[in-house]
Number of protein chains: 2
Amino acid sequence: MSETLRPLRRNEIRQQNEALICQAAEKVFAEAGFGGATMQLIADVAGLPKANLHYYFPTKEHLYRRVVRDIFEIWLQAAEAMDSAPGPVEGIGAYIEAKMEISRRHPDGSKVWAYEVMHGAPVIQDYLETTLRDWTSGRVRLIERWIAEGKMARVDPEHLLYMLWAATQHYADFGHQIATLNGQPLTDADWQRATDSVKTMILRGIGAV
Amino acid sequence: MSETLRPLRRNEIRQQNEALICQAAEKVFAEAGFGGATMQLIADVAGLPKANLHYYFPTKEHLYRRVVRDIFEIWLQAAEAMDSAPGPVEGIGAYIEAKMEISRRHPDGSKVWAYEVMHGAPVIQDYLETTLRDWTSGRVRLIERWIAEGKMARVDPEHLLYMLWAATQHYADFGHQIATLNGQPLTDADWQRATDSVKTMILRGIGAV
DNA sequence: TCATAGCCTGACCAAGTGGTCAAGAAAATT
DNA sequence: AATTTTCTTGACCACTTGGTCAGGCTATGA
């Protein structure tokens, strides 16, 4: 697969092929779901023989697990934007921007995540119960502090978080529906307007100036 | 399948079995996606031999098409709540309530719909381009009128609709995630609080008193 | 009562599925 | 150069899948 002249080192080969496979798998899993995706198709997209996938990932489920985990990492990373902010305008504003950017850059990842959760999170249940729950309760406390400090209206913090997730991820998961109603895929300007709309409505909705 | 004493009439048999199959199919498609669902499992859930499914629905895709269409109908029906309202507070408030109720009563249907759209809407593309587009542009005009009449803030109507869909359907599609974070499935009171939260945040977000 | 049309289903099939494996190619190590 | 370790892959297998079909069953209409 490599176009490099110098022969590849072992580590490079492994890293490169795993990345290639993950990339193909993310696309195929997003397009067909776990059950509908086939190792053969993933192999074709990656441009590798099927047996090679099984060399790097023993089973289809191992590969899927890896894809979902990668997405989860990216997704949690956007959270950091929220922490170092003095108030909801900056914090939640930055979080919305970060999540909208992810929806735009990693729509397939978002779909695989959605697929996984929709089907009962068989693979990442433990993540939900540990990492995500911890993160959530931390953010709930942050929001409660902002409310106590009079920086925003008294809203239910959990449901605010759900709304943030829903509104931003919708642009990835339902991107096809949006593009159809829009008559064409969203342009740069469309994405800017979408982000502004979400920010404006939510920030006003929580009474943050 | 029937417990009726009197033998069933032809029409009844057909109607009853089709409903039974659709019900089972909705559940299985929601749990496994189109690719992951098997006719055998749908048959088992319906309590019918597999060959019988193929008597009523020639192919798996026909059955799936039917399930998605049924959901689409329910989903559009909630729209009517919005029309006969004097302003956004009543109209959008009622729409949110109706859609939250659907998320609660038909979570499987919502998931199948999400699954279908996420995967490029291969089956219901025409619905998106005709019925949904027409409905959307009608609602956009309604919102624009409310804005012109000073009944709400100047927001982008399309993105308001997306936010309504996202926020309400999230409680169905990501119900498992929410239940996990909540520690248990939402109770009646939880659903009430969720609905109130969504209503409050969105209505304030669009500047409707 | 009898013929007809609609309903039911066990047994079957061709086409894929995830996964294995042995034998070879390539890089690393000695 | 020789050897060991990692990587590559065509061929293969047991199993499941959607879908078929012949033949039996049951309600209906004459």
# chains A, B, ... in the order shown; residues from 1 in each chain; ligands from 1
call {"tool": "residues_around", "arguments": {"residues": "DA22 in chain C", "least_positions_apart": "6", "cutoff": "12 Å", "atoms": "only C-alpha atoms (C1' of nucleotides)", "output": "list of chain:residue names"}}
result
D:DT9, D:DG10, D:DA11, D:DC12
call {"tool": "select_by_dssp", "arguments": {"residues": "range 37-114 of chain B", "states": "alpha helix (DSSP H)", "output": "PyMOL selection string"}}
result
chain B and resi 39-46+50-56+60-77+80-83+88-105+107-114
call {"tool": "interface_residues", "arguments": {"of": "chain B", "to": "chain D", "cutoff": "9 Å", "atoms": "only C-alpha atoms (C1' of nucleotides)", "output": "list of chain:residue names"}}
result
B:Pro7, B:Leu8, B:Arg9, B:Arg10, B:Thr38, B:Met39, B:Ala51, B:His54, B:Pro58, B:Thr59, B:Lys60
call {"tool": "write_last_selection", "arguments": {"atoms": "N, CA and C atoms", "output": "mmCIF file, in the first residue's frame"}}
result
data_model
loop_
_atom_site.group_PDB
_atom_site.id
_atom_site.type_symbol
_atom_site.label_atom_id
_atom_site.label_comp_id
_atom_site.auth_asym_id
_atom_site.auth_seq_id
_atom_site.Cartn_x
_atom_site.Cartn_y
_atom_site.Cartn_z
ATOM 1 N N PRO B 7 -64.014 -19.037 14.147
ATOM 2 C CA PRO B 7 -62.924 -18.986 13.170
ATOM 3 C C PRO B 7 -62.809 -17.591 12.561
ATOM 4 N N LEU B 8 -61.593 -17.195 12.259
ATOM 5 C CA LEU B 8 -61.341 -15.842 11.762
ATOM 6 C C LEU B 8 -61.741 -15.708 10.297
ATOM 7 N N ARG B 9 -62.218 -14.529 9.973
ATOM 8 C CA ARG B 9 -62.500 -14.244 8.567
ATOM 9 C C ARG B 9 -61.190 -13.970 7.837
ATOM 10 N N ARG B 10 -61.244 -14.109 6.535
ATOM 11 C CA ARG B 10 -60.051 -13.923 5.705
ATOM 12 C C ARG B 10 -59.363 -12.586 5.961
ATOM 13 N N THR B 38 -32.643 -10.754 11.119
ATOM 14 C CA THR B 38 -32.874 -11.933 10.287
ATOM 15 C C THR B 38 -34.366 -12.246 10.257
ATOM 16 N N MET B 39 -34.785 -12.753 9.120
ATOM 17 C CA MET B 39 -36.187 -13.113 8.962
ATOM 18 C C MET B 39 -36.565 -14.184 9.982
ATOM 19 N N ALA B 51 -41.529 -19.131 6.706
ATOM 20 C CA ALA B 51 -42.135 -19.158 5.370
ATOM 21 C C ALA B 51 -43.410 -18.331 5.323
ATOM 22 N N HIS B 54 -42.824 -14.713 4.413
ATOM 23 C CA HIS B 54 -42.623 -14.522 2.977
ATOM 24 C C HIS B 54 -43.917 -14.658 2.191
ATOM 25 N N PRO B 58 -43.032 -10.382 0.385
ATOM 26 C CA PRO B 58 -42.186 -11.167 -0.520
ATOM 27 C C PRO B 58 -40.712 -11.168 -0.116
ATOM 28 N N THR B 59 -40.185 -10.013 0.289
ATOM 29 C CA THR B 59 -38.771 -9.969 0.647
ATOM 30 C C THR B 59 -38.586 -9.222 1.965
ATOM 31 N N LYS B 60 -37.416 -9.350 2.526
ATOM 32 C CA LYS B 60 -37.042 -8.637 3.741
ATOM 33 C C LYS B 60 -37.169 -7.126 3.533
#
call {"tool": "calpha_fit_and_write", "arguments": {"fixed": "chain A", "moving": "chain B", "output": "JSON list (two decimals) with C-alpha atoms, in the first residue's frame"}}
result
[["chain", "number", "residue", "atom", "x", "y", "z"],
["B", 1, "MET", "CA", 0.26, -0.29, -0.15],
["B", 2, "SER", "CA", 3.06, 2.09, 0.66],
["B", 3, "GLU", "CA", 4.53, 4.29, -2.02],
["B", 4, "THR", "CA", 7.69, 4.80, 0.01],
["B", 5, "LEU", "CA", 10.92, 3.87, -1.72],
["B", 6, "ARG", "CA", 12.72, 2.65, 1.37],
["B", 7, "PRO", "CA", 11.24, -0.59, 2.68],
["B", 8, "LEU", "CA", 8.96, -0.02, 5.66],
["B", 9, "ARG", "CA", 9.99, -0.83, 9.18],
["B", 10, "ARG", "CA", 7.97, -3.36, 11.13],
["B", 11, "ASN", "CA", 6.35, -0.84, 13.43],
["B", 12, "GLU", "CA", 5.44, 1.39, 10.56],
["B", 13, "ILE", "CA", 3.80, -1.45, 8.68],
["B", 14, "ARG", "CA", 1.69, -2.41, 11.65],
["B", 15, "GLN", "CA", 0.67, 1.16, 12.46],
["B", 16, "GLN", "CA", -0.04, 2.03, 8.87],
["B", 17, "ASN", "CA", -2.13, -1.03, 8.14],
["B", 18, "GLU", "CA", -4.10, -0.81, 11.35],
["B", 19, "ALA", "CA", -4.91, 2.81, 10.59],
["B", 20, "LEU", "CA", -5.87, 1.93, 7.04],
["B", 21, "ILE", "CA", -8.16, -0.84, 8.21],
["B", 22, "CYS", "CA", -9.76, 1.29, 10.94],
["B", 23, "GLN", "CA", -10.43, 4.03, 8.45],
["B", 24, "ALA", "CA", -12.11, 1.66, 6.02],
["B", 25, "ALA", "CA", -14.00, -0.05, 8.84],
["B", 26, "GLU", "CA", -15.36, 3.24, 10.17],
["B", 27, "LYS", "CA", -16.75, 4.07, 6.78],
["B", 28, "VAL", "CA", -18.30, 0.66, 6.17],
["B", 29, "PHE", "CA", -19.71, 0.29, 9.68],
["B", 30, "ALA", "CA", -21.26, 3.75, 9.36],
["B", 31, "GLU", "CA", -22.80, 2.87, 6.02],
["B", 32, "ALA", "CA", -24.17, -0.55, 6.92],
["B", 33, "GLY", "CA", -24.10, -1.01, 10.68],
["B", 34, "PHE", "CA", -22.31, -3.84, 12.41],
["B", 35, "GLY", "CA", -24.55, -6.56, 11.07],
["B", 36, "GLY", "CA", -24.67, -5.20, 7.56],
["B", 37, "ALA", "CA", -20.96, -4.59, 7.24],
["B", 38, "THR", "CA", -18.85, -7.40, 5.82],
["B", 39, "MET", "CA", -15.18, -8.05, 6.36],
["B", 40, "GLN", "CA", -14.84, -8.54, 2.63],
["B", 41, "LEU", "CA", -16.14, -5.04, 1.90],
["B", 42, "ILE", "CA", -13.94, -3.48, 4.57],
["B", 43, "ALA", "CA", -11.01, -5.31, 3.03],
["B", 44, "ASP", "CA", -11.89, -4.05, -0.43],
["B", 45, "VAL", "CA", -12.19, -0.46, 0.79],
["B", 46, "ALA", "CA", -8.85, -0.79, 2.57],
["B", 47, "GLY", "CA", -7.36, -2.40, -0.53],
["B", 48, "LEU", "CA", -6.15, -5.40, 1.42],
["B", 49, "PRO", "CA", -6.98, -9.10, 1.22],
["B", 50, "LYS", "CA", -9.55, -10.17, 3.76],
["B", 51, "ALA", "CA", -7.23, -12.60, 5.47],
["B", 52, "ASN", "CA", -4.96, -9.70, 6.25],
["B", 53, "LEU", "CA", -7.64, -7.99, 8.32],
["B", 54, "HIS", "CA", -7.88, -11.09, 10.44],
["B", 55, "TYR", "CA", -4.16, -10.97, 10.97],
["B", 56, "TYR", "CA", -4.43, -7.58, 12.67],
["B", 57, "PHE", "CA", -7.90, -7.94, 14.17],
["B", 58, "PRO", "CA", -8.86, -11.47, 15.19],
["B", 59, "THR", "CA", -12.60, -10.95, 14.77],
["B", 60, "LYS", "CA", -15.06, -8.48, 13.28],
["B", 61, "GLU", "CA", -16.09, -7.50, 16.78],
["B", 62, "HIS", "CA", -12.52, -6.65, 17.78],
["B", 63, "LEU", "CA", -12.30, -4.31, 14.81],
["B", 64, "TYR", "CA", -15.65, -2.74, 15.59],
["B", 65, "ARG", "CA", -14.65, -2.28, 19.22],
["B", 66, "ARG", "CA", -11.54, -0.45, 18.14],
["B", 67, "VAL", "CA", -13.48, 1.86, 15.83],
["B", 68, "VAL", "CA", -16.01, 2.76, 18.52],
["B", 69, "ARG", "CA", -13.28, 3.37, 21.06],
["B", 70, "ASP", "CA", -11.40, 5.68, 18.71],
["B", 71, "ILE", "CA", -14.53, 7.73, 18.22],
["B", 72, "PHE", "CA", -15.19, 7.85, 21.91],
["B", 73, "GLU", "CA", -11.74, 9.38, 22.46],
["B", 74, "ILE", "CA", -12.27, 12.13, 19.91],
["B", 75, "TRP", "CA", -15.66, 12.79, 21.32],
["B", 76, "LEU", "CA", -14.47, 13.18, 24.88],
["B", 77, "GLN", "CA", -11.63, 15.41, 23.77],
["B", 78, "ALA", "CA", -14.08, 18.09, 22.71],
["B", 79, "ALA", "CA", -15.16, 18.26, 26.31],
["B", 80, "GLU", "CA", -12.02, 20.03, 27.40],
["B", 81, "ALA", "CA", -13.18, 23.17, 25.63],
["B", 82, "MET", "CA", -15.83, 23.49, 28.29],
["B", 83, "ASP", "CA", -13.68, 23.29, 31.37],
["B", 84, "SER", "CA", -11.31, 26.21, 31.35],
["B", 85, "ALA", "CA", -14.11, 28.70, 30.67],
["B", 86, "PRO", "CA", -15.16, 31.44, 33.08],
["B", 87, "GLY", "CA", -18.85, 31.01, 32.30],
["B", 88, "PRO", "CA", -21.49, 29.32, 30.14],
["B", 89, "VAL", "CA", -21.22, 31.75, 27.25],
["B", 90, "GLU", "CA", -17.60, 30.85, 26.62],
["B", 91, "GLY", "CA", -17.73, 27.27, 27.92],
["B", 92, "ILE", "CA", -20.89, 26.00, 26.31],
["B", 93, "GLY", "CA", -20.28, 28.15, 23.26],
["B", 94, "ALA", "CA", -16.89, 26.55, 22.77],
["B", 95, "TYR", "CA", -18.29, 23.09, 23.41],
["B", 96, "ILE", "CA", -20.97, 23.57, 20.77],
["B", 97, "GLU", "CA", -18.37, 24.75, 18.29],
["B", 98, "ALA", "CA", -16.11, 21.80, 19.02],
["B", 99, "LYS", "CA", -18.92, 19.28, 18.71],
["B", 100, "MET", "CA", -20.21, 20.83, 15.50],
["B", 101, "GLU", "CA", -16.71, 20.59, 14.09],
["B", 102, "ILE", "CA", -16.60, 16.90, 15.00],
["B", 103, "SER", "CA", -19.96, 16.34, 13.36],
["B", 104, "ARG", "CA", -18.53, 17.87, 10.26],
["B", 105, "ARG", "CA", -15.12, 16.17, 10.27],
["B", 106, "HIS", "CA", -16.12, 12.76, 11.59],
["B", 107, "PRO", "CA", -19.69, 12.10, 10.49],
["B", 108, "ASP", "CA", -18.96, 8.39, 10.06],
["B", 109, "GLY", "CA", -17.59, 8.10, 13.56],
["B", 110, "SER", "CA", -20.63, 9.82, 14.97],
["B", 111, "LYS", "CA", -22.88, 7.42, 13.11],
["B", 112, "VAL", "CA", -21.06, 4.36, 14.38],
["B", 113, "TRP", "CA", -21.37, 5.73, 17.89],
["B", 114, "ALA", "CA", -25.08, 6.37, 17.38],
["B", 115, "TYR", "CA", -25.52, 2.92, 15.92],
["B", 116, "GLU", "CA", -23.79, 1.36, 18.91],
["B", 117, "VAL", "CA", -25.82, 3.23, 21.52],
["B", 118, "MET", "CA", -29.08, 2.74, 19.63],
["B", 119, "HIS", "CA", -28.57, -1.00, 19.74],
["B", 120, "GLY", "CA", -28.03, -1.11, 23.48],
["B", 121, "ALA", "CA", -24.30, -0.36, 23.59],
["B", 122, "PRO", "CA", -23.27, -4.03, 23.67],
["B", 123, "VAL", "CA", -19.64, -3.12, 23.14],
["B", 124, "ILE", "CA", -19.13, 0.06, 25.11],
["B", 125, "GLN", "CA", -21.53, -0.35, 28.01],
["B", 126, "ASP", "CA", -18.63, -0.16, 30.45],
["B", 127, "TYR", "CA", -17.52, 3.16, 28.94],
["B", 128, "LEU", "CA", -20.98, 4.58, 29.50],
["B", 129, "GLU", "CA", -20.98, 3.43, 33.10],
["B", 130, "THR", "CA", -17.50, 4.69, 33.94],
["B", 131, "THR", "CA", -15.86, 7.34, 31.79],
["B", 132, "LEU", "CA", -18.98, 8.96, 30.38],
["B", 133, "ARG", "CA", -20.82, 8.92, 33.69],
["B", 134, "ASP", "CA", -17.87, 10.49, 35.48],
["B", 135, "TRP", "CA", -17.46, 13.12, 32.80],
["B", 136, "THR", "CA", -21.17, 13.89, 32.90],
["B", 137, "SER", "CA", -21.41, 14.32, 36.64],
["B", 138, "GLY", "CA", -18.38, 16.60, 36.56],
["B", 139, "ARG", "CA", -20.02, 18.79, 33.94],
["B", 140, "VAL", "CA", -23.29, 18.75, 35.87],
["B", 141, "ARG", "CA", -21.49, 20.20, 38.88],
["B", 142, "LEU", "CA", -19.88, 22.84, 36.67],
["B", 143, "ILE", "CA", -23.27, 23.89, 35.31],
["B", 144, "GLU", "CA", -24.76, 23.92, 38.79],
["B", 145, "ARG", "CA", -21.99, 26.25, 39.89],
["B", 146, "TRP", "CA", -22.69, 28.58, 36.98],
["B", 147, "ILE", "CA", -26.36, 28.58, 37.95],
["B", 148, "ALA", "CA", -25.51, 29.29, 41.61],
["B", 149, "GLU", "CA", -23.31, 32.15, 40.49],
["B", 150, "GLY", "CA", -26.24, 33.61, 38.53],
["B", 151, "LYS", "CA", -24.46, 33.20, 35.21],
["B", 152, "MET", "CA", -27.34, 31.32, 33.63],
["B", 153, "ALA", "CA", -30.95, 30.35, 34.22],
["B", 154, "ARG", "CA", -31.96, 27.50, 36.49],
["B", 155, "VAL", "CA", -32.15, 24.62, 34.01],
["B", 156, "ASP", "CA", -31.77, 20.92, 34.55],
["B", 157, "PRO", "CA", -28.05, 20.29, 33.82],
["B", 158, "GLU", "CA", -28.52, 16.71, 32.59],
["B", 159, "HIS", "CA", -31.13, 17.70, 30.08],
["B", 160, "LEU", "CA", -29.02, 20.59, 28.93],
["B", 161, "LEU", "CA", -26.21, 18.15, 28.19],
["B", 162, "TYR", "CA", -28.60, 15.86, 26.32],
["B", 163, "MET", "CA", -29.75, 18.79, 24.25],
["B", 164, "LEU", "CA", -26.17, 19.74, 23.44],
["B", 165, "TRP", "CA", -25.37, 16.22, 22.32],
["B", 166, "ALA", "CA", -28.60, 15.86, 20.38],
["B", 167, "ALA", "CA", -28.42, 19.19, 18.58],
["B", 168, "THR", "CA", -24.79, 18.86, 17.52],
["B", 169, "GLN", "CA", -24.67, 15.16, 16.64],
["B", 170, "HIS", "CA", -27.88, 15.52, 14.65],
["B", 171, "TYR", "CA", -25.90, 17.30, 11.94],
["B", 172, "ALA", "CA", -23.72, 14.21, 11.53],
["B", 173, "ASP", "CA", -26.19, 11.39, 12.09],
["B", 174, "PHE", "CA", -29.00, 12.98, 10.08],
["B", 175, "GLY", "CA", -26.72, 14.76, 7.67],
["B", 176, "HIS", "CA", -28.29, 13.01, 4.72],
["B", 177, "GLN", "CA", -31.78, 14.19, 5.69],
["B", 178, "ILE", "CA", -30.52, 17.73, 6.18],
["B", 179, "ALA", "CA", -28.69, 17.69, 2.86],
["B", 180, "THR", "CA", -31.82, 16.44, 1.12],
["B", 181, "LEU", "CA", -34.01, 19.15, 2.64],
["B", 182, "ASN", "CA", -31.31, 21.67, 1.88],
["B", 183, "GLY", "CA", -31.17, 20.53, -1.73],
["B", 184, "GLN", "CA", -27.43, 19.89, -1.49],
["B", 185, "PRO", "CA", -24.72, 19.12, 1.09],
["B", 186, "LEU", "CA", -24.07, 21.95, 3.51],
["B", 187, "THR", "CA", -21.48, 24.48, 2.38],
["B", 188, "ASP", "CA", -18.97, 26.24, 4.60],
["B", 189, "ALA", "CA", -21.43, 29.07, 5.04],
["B", 190, "ASP", "CA", -24.23, 26.64, 5.85],
["B", 191, "TRP", "CA", -22.15, 25.02, 8.56],
["B", 192, "GLN", "CA", -21.32, 28.42, 9.98],
["B", 193, "ARG", "CA", -24.99, 29.37, 10.05],
["B", 194, "ALA", "CA", -25.89, 26.03, 11.62],
["B", 195, "THR", "CA", -23.31, 26.47, 14.34],
["B", 196, "ASP", "CA", -24.42, 30.03, 15.00],
["B", 197, "SER", "CA", -28.06, 28.97, 15.14],
["B", 198, "VAL", "CA", -27.40, 26.21, 17.64],
["B", 199, "LYS", "CA", -25.24, 28.49, 19.76],
["B", 200, "THR", "CA", -27.71, 31.35, 19.71],
["B", 201, "MET", "CA", -30.75, 29.26, 20.50],
["B", 202, "ILE", "CA", -29.14, 27.24, 23.28],
["B", 203, "LEU", "CA", -27.29, 30.09, 24.94],
["B", 204, "ARG", "CA", -30.44, 32.19, 24.96],
["B", 205, "GLY", "CA", -32.39, 29.10, 26.02],
["B", 206, "ILE", "CA", -30.32, 28.75, 29.17],
["B", 207, "GLY", "CA", -30.44, 32.47, 29.89],
["B", 208, "ALA", "CA", -26.76, 33.09, 29.26],
["B", 209, "VAL", "CA", -26.28, 36.49, 27.72]]
call {"tool": "closest_atom_pairs", "arguments": {"of": "chain C", "to": "chain A", "cutoff": "12 Å", "atoms": "only C-alpha atoms (C1' of nucleotides)", "output": "JSON lines"}}
result
{"residue": "C:DG16", "atom": "C1'", "partner": "A:Thr38", "partner_atom": "CA", "distance": 10.2}
{"residue": "C:DT17", "atom": "C1'", "partner": "A:Thr38", "partner_atom": "CA", "distance": 7.9}
{"residue": "C:DG18", "atom": "C1'", "partner": "A:Lys60", "partner_atom": "CA", "distance": 7.7}
{"residue": "C:DG19", "atom": "C1'", "partner": "A:Thr59", "partner_atom": "CA", "distance": 7.7}
{"residue": "C:DT20", "atom": "C1'", "partner": "A:Ala51", "partner_atom": "CA", "distance": 9.2}
{"residue": "C:DC21", "atom": "C1'", "partner": "A:Ala51", "partner_atom": "CA", "distance": 10.3}
{"residue": "C:DA26", "atom": "C1'", "partner": "A:Pro7", "partner_atom": "CA", "distance": 9.6}
{"residue": "C:DA27", "atom": "C1'", "partner": "A:Arg10", "partner_atom": "CA", "distance": 7.3}
{"residue": "C:DA28", "atom": "C1'", "partner": "A:Arg10", "partner_atom": "CA", "distance": 8.8}
